[in-house]
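Listing of target-v5.cif; format and content: mmCIF, C-alpha atoms and all ligand atoms.
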```cif
data_upload
loop_
_atom_site.group_PDB
_atom_site.id
_atom_site.type_symbol
_atom_site.label_atom_id
_atom_site.label_comp_id
_atom_site.auth_asym_id
_atom_site.auth_seq_id
_atom_site.Cartn_x
_atom_site.Cartn_y
_atom_site.Cartn_z
ATOM 1 C CA MET A 1148 -15.920 -35.613 -9.478
ATOM 2 C CA PRO A 1149 -13.065 -36.670 -7.124
ATOM 3 C CA PRO A 1150 -14.108 -38.474 -3.914
ATOM 4 C CA THR A 1151 -12.641 -35.590 -1.874
ATOM 5 C CA ALA A 1152 -14.577 -32.859 -3.694
ATOM 6 C CA THR A 1153 -15.018 -29.578 -1.838
ATOM 7 C CA PRO A 1154 -18.540 -28.218 -1.248
ATOM 8 C CA SER A 1155 -18.038 -25.663 -4.012
ATOM 9 C CA GLN A 1156 -16.979 -28.409 -6.447
ATOM 10 C CA VAL A 1157 -20.087 -30.365 -5.515
ATOM 11 C CA GLU A 1158 -22.215 -27.280 -6.027
ATOM 12 C CA SER A 1159 -20.770 -26.480 -9.419
ATOM 13 C CA ALA A 1160 -21.093 -30.110 -10.552
ATOM 14 C CA GLN A 1161 -24.736 -30.067 -9.500
ATOM 15 C CA ALA A 1162 -25.354 -26.789 -11.311
ATOM 16 C CA GLU A 1163 -23.679 -28.196 -14.427
ATOM 17 C CA SER A 1164 -25.764 -31.348 -14.439
ATOM 18 C CA ALA A 1165 -28.963 -29.351 -13.818
ATOM 19 C CA ALA A 1166 -28.077 -27.122 -16.771
ATOM 20 C CA LYS A 1167 -27.389 -30.189 -18.931
ATOM 21 C CA SER A 1168 -30.647 -31.884 -18.075
ATOM 22 C CA LYS A 1169 -32.535 -28.621 -18.686
ATOM 23 C CA LYS A 1170 -30.881 -28.414 -22.086
ATOM 24 C CA ALA A 1171 -31.721 -32.041 -22.861
ATOM 25 C CA LYS A 1172 -35.373 -31.392 -21.984
ATOM 26 C CA ALA A 1173 -35.668 -28.221 -24.102
ATOM 27 C CA LYS A 1174 -37.595 -29.267 -27.178
ATOM 28 C CA PRO A 1175 -36.902 -27.719 -30.570
ATOM 29 C CA ASP A 1176 -39.606 -25.304 -31.643
ATOM 30 C CA LEU A 1177 -41.501 -27.270 -34.278
ATOM 31 C CA ARG A 1178 -42.941 -24.089 -35.715
ATOM 32 C CA PHE A 1179 -39.522 -23.129 -37.069
ATOM 33 C CA LYS A 1180 -39.255 -26.623 -38.511
ATOM 34 C CA ARG A 1181 -42.530 -26.042 -40.339
ATOM 35 C CA LEU A 1182 -41.085 -22.863 -41.839
ATOM 36 C CA ASP A 1183 -37.938 -24.706 -42.882
ATOM 37 C CA ILE A 1184 -39.970 -27.416 -44.609
ATOM 38 C CA THR A 1185 -41.981 -24.786 -46.497
ATOM 39 C CA MET A 1186 -38.858 -22.906 -47.589
ATOM 40 C CA LYS A 1187 -37.205 -26.153 -48.657
ATOM 41 C CA ARG A 1188 -40.270 -27.111 -50.687
ATOM 42 C CA HIS A 1189 -39.843 -23.819 -52.538
ATOM 43 C CA GLN A 1190 -36.112 -24.434 -52.901
ATOM 44 C CA HIS A 1191 -35.483 -21.316 -50.817
ATOM 45 C CA GLN A 1192 -36.634 -19.119 -53.706
ATOM 46 C CA PRO A 1193 -37.187 -15.480 -52.673
ATOM 47 C CA ASP A 1194 -40.502 -15.384 -54.538
ATOM 48 C CA ALA A 1195 -41.916 -17.837 -51.985
ATOM 49 C CA LEU A 1196 -41.844 -15.033 -49.409
ATOM 50 C CA ILE A 1197 -45.585 -14.408 -49.192
ATOM 51 C CA GLU A 1198 -46.412 -18.085 -48.871
ATOM 52 C CA VAL A 1199 -43.758 -18.517 -46.179
ATOM 53 C CA LEU A 1200 -45.110 -15.492 -44.310
ATOM 54 C CA HIS A 1201 -48.581 -17.067 -44.453
ATOM 55 C CA VAL A 1202 -47.285 -20.279 -42.931
ATOM 56 C CA ALA A 1203 -45.451 -18.282 -40.271
ATOM 57 C CA GLN A 1204 -48.542 -16.258 -39.409
ATOM 58 C CA GLU A 1205 -50.578 -19.461 -39.081
ATOM 59 C CA ALA A 1206 -47.971 -21.163 -36.951
ATOM 60 C CA PHE A 1207 -47.019 -18.285 -34.655
ATOM 61 C CA GLY A 1208 -50.165 -16.167 -34.620
ATOM 62 C CA PHE A 1209 -48.100 -13.083 -35.401
ATOM 63 C CA LEU A 1210 -44.732 -12.236 -36.894
ATOM 64 C CA GLU A 1211 -42.023 -11.455 -34.418
ATOM 65 C CA GLU A 1212 -38.574 -10.258 -35.353
ATOM 66 C CA ASP A 1213 -36.849 -13.605 -34.812
ATOM 67 C CA VAL A 1214 -39.350 -15.241 -37.171
ATOM 68 C CA LEU A 1215 -38.811 -12.579 -39.835
ATOM 69 C CA GLN A 1216 -35.068 -12.964 -39.453
ATOM 70 C CA HIS A 1217 -35.357 -16.724 -39.830
ATOM 71 C CA ILE A 1218 -37.321 -16.252 -43.057
ATOM 72 C CA ALA A 1219 -34.920 -13.606 -44.382
ATOM 73 C CA HIS A 1220 -32.019 -15.939 -43.756
ATOM 74 C CA GLY A 1221 -33.812 -18.961 -45.266
ATOM 75 C CA LEU A 1222 -34.816 -17.137 -48.457
ATOM 76 C CA LYS A 1223 -31.578 -15.144 -48.644
ATOM 77 C CA LEU A 1224 -33.443 -11.853 -48.591
ATOM 78 C CA PRO A 1225 -32.567 -8.667 -46.732
ATOM 79 C CA LEU A 1226 -34.545 -8.327 -43.494
ATOM 80 C CA SER A 1227 -35.819 -4.949 -44.697
ATOM 81 C CA LYS A 1228 -37.517 -6.619 -47.667
ATOM 82 C CA VAL A 1229 -39.198 -9.218 -45.440
ATOM 83 C CA TYR A 1230 -40.327 -6.470 -43.056
ATOM 84 C CA GLY A 1231 -41.578 -4.409 -45.974
ATOM 85 C CA VAL A 1232 -43.804 -7.195 -47.282
ATOM 86 C CA ALA A 1233 -45.005 -8.210 -43.791
ATOM 87 C CA THR A 1234 -46.076 -4.658 -43.007
ATOM 88 C CA PHE A 1235 -47.567 -3.915 -46.415
ATOM 89 C CA TYR A 1236 -50.213 -6.641 -46.358
ATOM 90 C CA HIS A 1237 -52.975 -6.288 -43.766
ATOM 91 C CA LEU A 1238 -53.341 -10.022 -43.417
ATOM 92 C CA PHE A 1239 -50.022 -10.198 -41.622
ATOM 93 C CA SER A 1240 -49.713 -8.919 -38.093
ATOM 94 C CA LEU A 1241 -46.483 -8.009 -36.427
ATOM 95 C CA LYS A 1242 -45.820 -8.568 -32.738
ATOM 96 C CA PRO A 1243 -48.743 -7.187 -30.740
ATOM 97 C CA SER A 1244 -48.213 -4.327 -28.345
ATOM 98 C CA GLY A 1245 -48.880 -6.126 -25.035
ATOM 99 C CA ALA A 1246 -46.076 -6.757 -22.576
ATOM 100 C CA HIS A 1247 -47.128 -10.434 -22.669
ATOM 101 C CA THR A 1248 -48.557 -12.463 -25.510
ATOM 102 C CA CYS A 1249 -50.914 -15.366 -25.291
ATOM 103 C CA VAL A 1250 -51.443 -17.310 -28.529
ATOM 104 C CA VAL A 1251 -54.237 -19.884 -28.459
ATOM 105 C CA CYS A 1252 -54.081 -22.611 -31.085
ATOM 106 C CA MET A 1253 -57.350 -22.858 -32.974
ATOM 107 C CA GLY A 1254 -56.172 -25.577 -35.367
ATOM 108 C CA THR A 1255 -58.396 -28.637 -35.811
ATOM 109 C CA ALA A 1256 -56.695 -30.883 -33.233
ATOM 110 C CA CYS A 1257 -56.754 -28.167 -30.585
ATOM 111 C CA TYR A 1258 -60.256 -27.037 -31.458
ATOM 112 C CA VAL A 1259 -61.760 -30.488 -30.974
ATOM 113 C CA LYS A 1260 -59.946 -30.828 -27.655
ATOM 114 C CA GLY A 1261 -61.419 -27.582 -26.346
ATOM 115 C CA GLY A 1262 -59.207 -24.834 -27.754
ATOM 116 C CA ASP A 1263 -62.342 -22.783 -28.413
ATOM 117 C CA LYS A 1264 -63.338 -23.040 -24.728
ATOM 118 C CA VAL A 1265 -59.861 -21.919 -23.713
ATOM 119 C CA MET A 1266 -60.145 -18.944 -26.060
ATOM 120 C CA GLU A 1267 -63.615 -18.019 -24.762
ATOM 121 C CA LYS A 1268 -62.503 -18.163 -21.151
ATOM 122 C CA LEU A 1269 -59.426 -16.042 -21.819
ATOM 123 C CA GLN A 1270 -61.492 -13.459 -23.688
ATOM 124 C CA THR A 1271 -63.940 -13.234 -20.793
ATOM 125 C CA GLU A 1272 -61.205 -13.083 -18.196
ATOM 126 C CA LEU A 1273 -59.192 -10.448 -20.034
ATOM 127 C CA GLY A 1274 -62.242 -8.537 -21.272
ATOM 128 C CA ILE A 1275 -60.850 -8.331 -24.798
ATOM 129 C CA GLU A 1276 -61.464 -9.913 -28.179
ATOM 130 C CA LEU A 1277 -59.086 -11.966 -30.243
ATOM 131 C CA GLY A 1278 -56.334 -9.776 -31.675
ATOM 132 C CA GLU A 1279 -56.684 -7.141 -28.949
ATOM 133 C CA THR A 1280 -54.483 -5.988 -26.086
ATOM 134 C CA THR A 1281 -55.786 -5.247 -22.582
ATOM 135 C CA PRO A 1282 -56.205 -1.504 -21.908
ATOM 136 C CA ASP A 1283 -53.318 -1.603 -19.404
ATOM 137 C CA GLY A 1284 -51.079 -2.922 -22.183
ATOM 138 C CA LYS A 1285 -50.291 -6.077 -20.276
ATOM 139 C CA VAL A 1286 -51.629 -8.949 -22.392
ATOM 140 C CA SER A 1287 -52.285 -9.422 -26.110
ATOM 141 C CA LEU A 1288 -54.520 -12.307 -27.143
ATOM 142 C CA MET A 1289 -53.816 -13.954 -30.479
ATOM 143 C CA ALA A 1290 -54.651 -17.187 -32.306
ATOM 144 C CA ALA A 1291 -52.636 -19.582 -34.442
ATOM 145 C CA ARG A 1292 -53.842 -22.324 -36.749
ATOM 146 C CA CYS A 1293 -51.421 -25.078 -35.776
ATOM 147 C CA LEU A 1294 -48.433 -24.798 -33.492
ATOM 148 C CA GLY A 1295 -47.089 -28.175 -34.583
ATOM 149 C CA ALA A 1296 -47.843 -29.520 -31.129
ATOM 150 C CA CYS A 1297 -51.107 -31.373 -31.870
ATOM 151 C CA GLY A 1298 -50.103 -34.238 -29.550
ATOM 152 C CA ILE A 1299 -50.558 -31.958 -26.550
ATOM 153 C CA ALA A 1300 -53.787 -30.294 -27.724
ATOM 154 C CA PRO A 1301 -55.222 -27.932 -26.729
ATOM 155 C CA ALA A 1302 -52.044 -25.874 -26.864
ATOM 156 C CA VAL A 1303 -51.397 -22.251 -25.958
ATOM 157 C CA VAL A 1304 -48.157 -20.279 -26.231
ATOM 158 C CA PHE A 1305 -47.488 -17.999 -23.278
ATOM 159 C CA ASP A 1306 -44.687 -15.570 -24.121
ATOM 160 C CA GLY A 1307 -43.052 -18.060 -26.469
ATOM 161 C CA THR A 1308 -43.422 -21.106 -24.202
ATOM 162 C CA VAL A 1309 -45.815 -23.766 -25.419
ATOM 163 C CA GLY A 1310 -48.211 -25.150 -22.821
ATOM 164 C CA GLY A 1311 -50.292 -28.224 -23.624
ATOM 165 C CA LYS A 1312 -53.383 -30.154 -22.513
ATOM 166 C CA LEU A 1313 -54.700 -27.016 -20.886
ATOM 167 C CA SER A 1314 -58.123 -26.582 -19.393
ATOM 168 C CA PRO A 1315 -59.623 -23.081 -19.646
ATOM 169 C CA GLU A 1316 -58.951 -22.633 -15.910
ATOM 170 C CA GLN A 1317 -55.302 -23.630 -16.265
ATOM 171 C CA ALA A 1318 -54.874 -21.163 -19.104
ATOM 172 C CA VAL A 1319 -56.391 -18.403 -16.961
ATOM 173 C CA ALA A 1320 -54.056 -19.308 -14.079
ATOM 174 C CA LYS A 1321 -51.098 -18.775 -16.406
ATOM 175 C CA ILE A 1322 -52.135 -15.259 -17.357
ATOM 176 C CA LYS A 1323 -53.032 -14.456 -13.742
ATOM 177 C CA ALA A 1324 -49.423 -15.172 -12.852
ATOM 178 C CA TRP A 1325 -48.504 -12.149 -15.026
ATOM 179 C CA GLU A 1326 -50.801 -9.873 -13.052
ATOM 180 C CA GLY A 1327 -48.530 -9.450 -10.073
ATOM 181 C CA GLU A 1328 -45.581 -8.329 -12.190
HETATM 182 S S1 LIG B 1 -53.811 -27.961 -34.110
HETATM 183 FE FE1 LIG B 1 -53.032 -27.039 -32.334
HETATM 184 S S2 LIG B 1 -51.005 -27.649 -32.332
HETATM 185 FE FE2 LIG B 1 -51.740 -28.512 -34.122
#
```
Would you kindly transcribe this structure into structure tokens?
Ligand code: FES
Amino acid sequence: MPPTATPSQVESAQAESAAKSKKAKAKPDLRFKRLDITMKRHQHQPDALIEVLHVAQEAFGFLEEDVLQHIAHGLKLPLSKVYGVATFYHLFSLKPSGAHTCVVCMGTACYVKGGDKVMEKLQTELGIELGETTPDGKVSLMAARCLGACGIAPAVVFDGTVGGKLSPEQAVAKIKAWEGE
């Protein structure tokens, strides 16, 4: 920036550097990496679809469109085929109906660090069981078996953003923030 920068130049330079540092801090979603590793292990063969869907369900708690698209692309299958299989088998669940989703990791690392307590507290607070949506349609509560973020256990994904080292109270505070919307 020139030494005689105008206030608007200063502002835009600040905005640019804030955007850059935000970008630098954004971590890649390791769950997609896990899918990529699984697809690679199967040499991207279309007949690995069910296994890949299993891994996706475990990692994400449910199958959202971007995940299904990622799999379709990775296995070179039409999205309709991937959708067809995901909806045919009851063991796969598509995106729940709540306006917000809360996915609690119940994998070993998270469980031993209190993931089960987080889940219990959320169930009590929301008045619903795992896999259900609150009657007002606001929050769906799901579980995953490893988010690939064991280092920050216990981990919970709030609307696609992974939160780590959460106490049950902190997890409740996050969903309470949705209440006023
Ligand atoms: S067990 Fe929870 S992130 Fe791995």
Selected residue of minimal separation from His1189 of chain A among A:Gly1221, A:Gly1274, A:Gly1327, A:Pro1175, counting all atoms listed in the file: A:Gly1221
Taking (-41.8, -17.4, -52.9) as a centre in this file's frame and 12 Å as the limit, can you find every polymer residue with an atom that close, using all atoms listed in the file, and give them as a ChimeraX atom specification? /A:1185-1202,1218-1219,1221-1224,1229,1232
Which polymer residues have any atom within 6 Å of an atom of segment 1300-1317 of chain A, counting only C-alpha atoms, with same-chain residues fewer than 3 positions away left out, as a VMD selection string? chain A and resid 1247 to 1252 1257 1260 1262 1265 1268 1297 1320
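This file gives the following result for the PyMOL selection byres (((chain A and resi 1213) around 12) and not hetatm): Phe1179, Ala1203, Phe1207, Phe1209, Leu1210, Glu1211, Glu1212, Val1214, Leu1215, Gln1216, His1217, Ile1218, Ala1219, His1220, Leu1226, Val1229, Tyr1230, Leu1241, Lys1242 and Gly1307 of chain A.
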Would you mind exporting the chosen residues as a PDB file, keeping the file's coordinate frame, restricted to C-alpha atoms?
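Contents of the output file selection.pdb:
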```
ATOM      1  CA  PHE A1179     -39.522 -23.129 -37.069  1.00  0.00           C
ATOM      2  CA  ALA A1203     -45.451 -18.282 -40.271  1.00  0.00           C
ATOM      3  CA  PHE A1207     -47.019 -18.285 -34.655  1.00  0.00           C
ATOM      4  CA  PHE A1209     -48.100 -13.083 -35.401  1.00  0.00           C
ATOM      5  CA  LEU A1210     -44.732 -12.236 -36.894  1.00  0.00           C
ATOM      6  CA  GLU A1211     -42.023 -11.455 -34.418  1.00  0.00           C
ATOM      7  CA  GLU A1212     -38.574 -10.258 -35.353  1.00  0.00           C
ATOM      8  CA  VAL A1214     -39.350 -15.241 -37.171  1.00  0.00           C
ATOM      9  CA  LEU A1215     -38.811 -12.579 -39.835  1.00  0.00           C
ATOM     10  CA  GLN A1216     -35.068 -12.964 -39.453  1.00  0.00           C
ATOM     11  CA  HIS A1217     -35.357 -16.724 -39.830  1.00  0.00           C
ATOM     12  CA  ILE A1218     -37.321 -16.252 -43.057  1.00  0.00           C
ATOM     13  CA  ALA A1219     -34.920 -13.606 -44.382  1.00  0.00           C
ATOM     14  CA  HIS A1220     -32.019 -15.939 -43.756  1.00  0.00           C
ATOM     15  CA  LEU A1226     -34.545  -8.327 -43.494  1.00  0.00           C
ATOM     16  CA  VAL A1229     -39.198  -9.218 -45.440  1.00  0.00           C
ATOM     17  CA  TYR A1230     -40.327  -6.470 -43.056  1.00  0.00           C
ATOM     18  CA  LEU A1241     -46.483  -8.009 -36.427  1.00  0.00           C
ATOM     19  CA  LYS A1242     -45.820  -8.568 -32.738  1.00  0.00           C
ATOM     20  CA  GLY A1307     -43.052 -18.060 -26.469  1.00  0.00           C
TER      21      GLY A1307
END
```
Exercise on ligand LIG 1 (chain B), axis-aligned box with 6 Å per side, report centre and edge lengths in Å to one decimal, as JSON:
```
{"center_x": -52.4, "center_y": -27.8, "center_z": -33.2, "size_x": 14.8, "size_y": 13.5, "size_z": 13.8}
```
Quick one: pull the distance between atom CA of Pro1225 of chain A and atom CA of Ala1206 of chain A, Å, one decimal.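 Interatomic distance here is 22.1 Å.
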Using all atoms listed in the file, the best pick from A:Arg1178, A:His1237, A:Lys1323, A:Lys1285 as closest to ligand LIG 1 (chain B) would be A:Arg1178
Residues in the PyMOL selection byres (((chain A and resi 1277) around 7) and not hetatm), expressed as a ChimeraX atom specification: /A:1275-1276,1278-1279,1288-1289
Selected residue of minimal separation from ligand LIG 1 (chain B) among A:Gly1261, A:Thr1234, A:Leu1269, A:Thr1280, counting all atoms listed in the file: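 Among the listed residues, the smallest separation from ligand LIG 1 (chain B) belongs to A:Gly1261.
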Let me make sure I understand: among A:Gly1284, A:Gly1298, A:Gly1245, A:Gly1254, which one has the smallest atom-to-atom distance to ligand LIG 1 (chain B) if we use all atoms listed in the file?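 Nearest to ligand LIG 1 (chain B): A:Gly1254.
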How far is it from atom CA of Tyr1236 of chain A to atom CA of Arg1292 of chain A, in Å with one decimal?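 Computing it gives 18.7 Å between the two atoms.
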So what do you get for atom FE1 of ligand LIG 1 (chain B) versus atom CA of Asp1283 of chain A, distance-wise?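 Atom CA of Asp1283 of chain A lies at a distance of 28.5 Å from atom FE1 of ligand LIG 1 (chain B).
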Using all atoms listed in the file, find the one residue out of A:Thr1281, A:Thr1255, A:Thr1271, A:Gln1204 that sits nearest to ligand LIG 1 (chain B).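 Of A:Thr1281, A:Thr1255, A:Thr1271, A:Gln1204, the one nearest ligand LIG 1 (chain B) is A:Thr1255, counting all atoms listed in the file.
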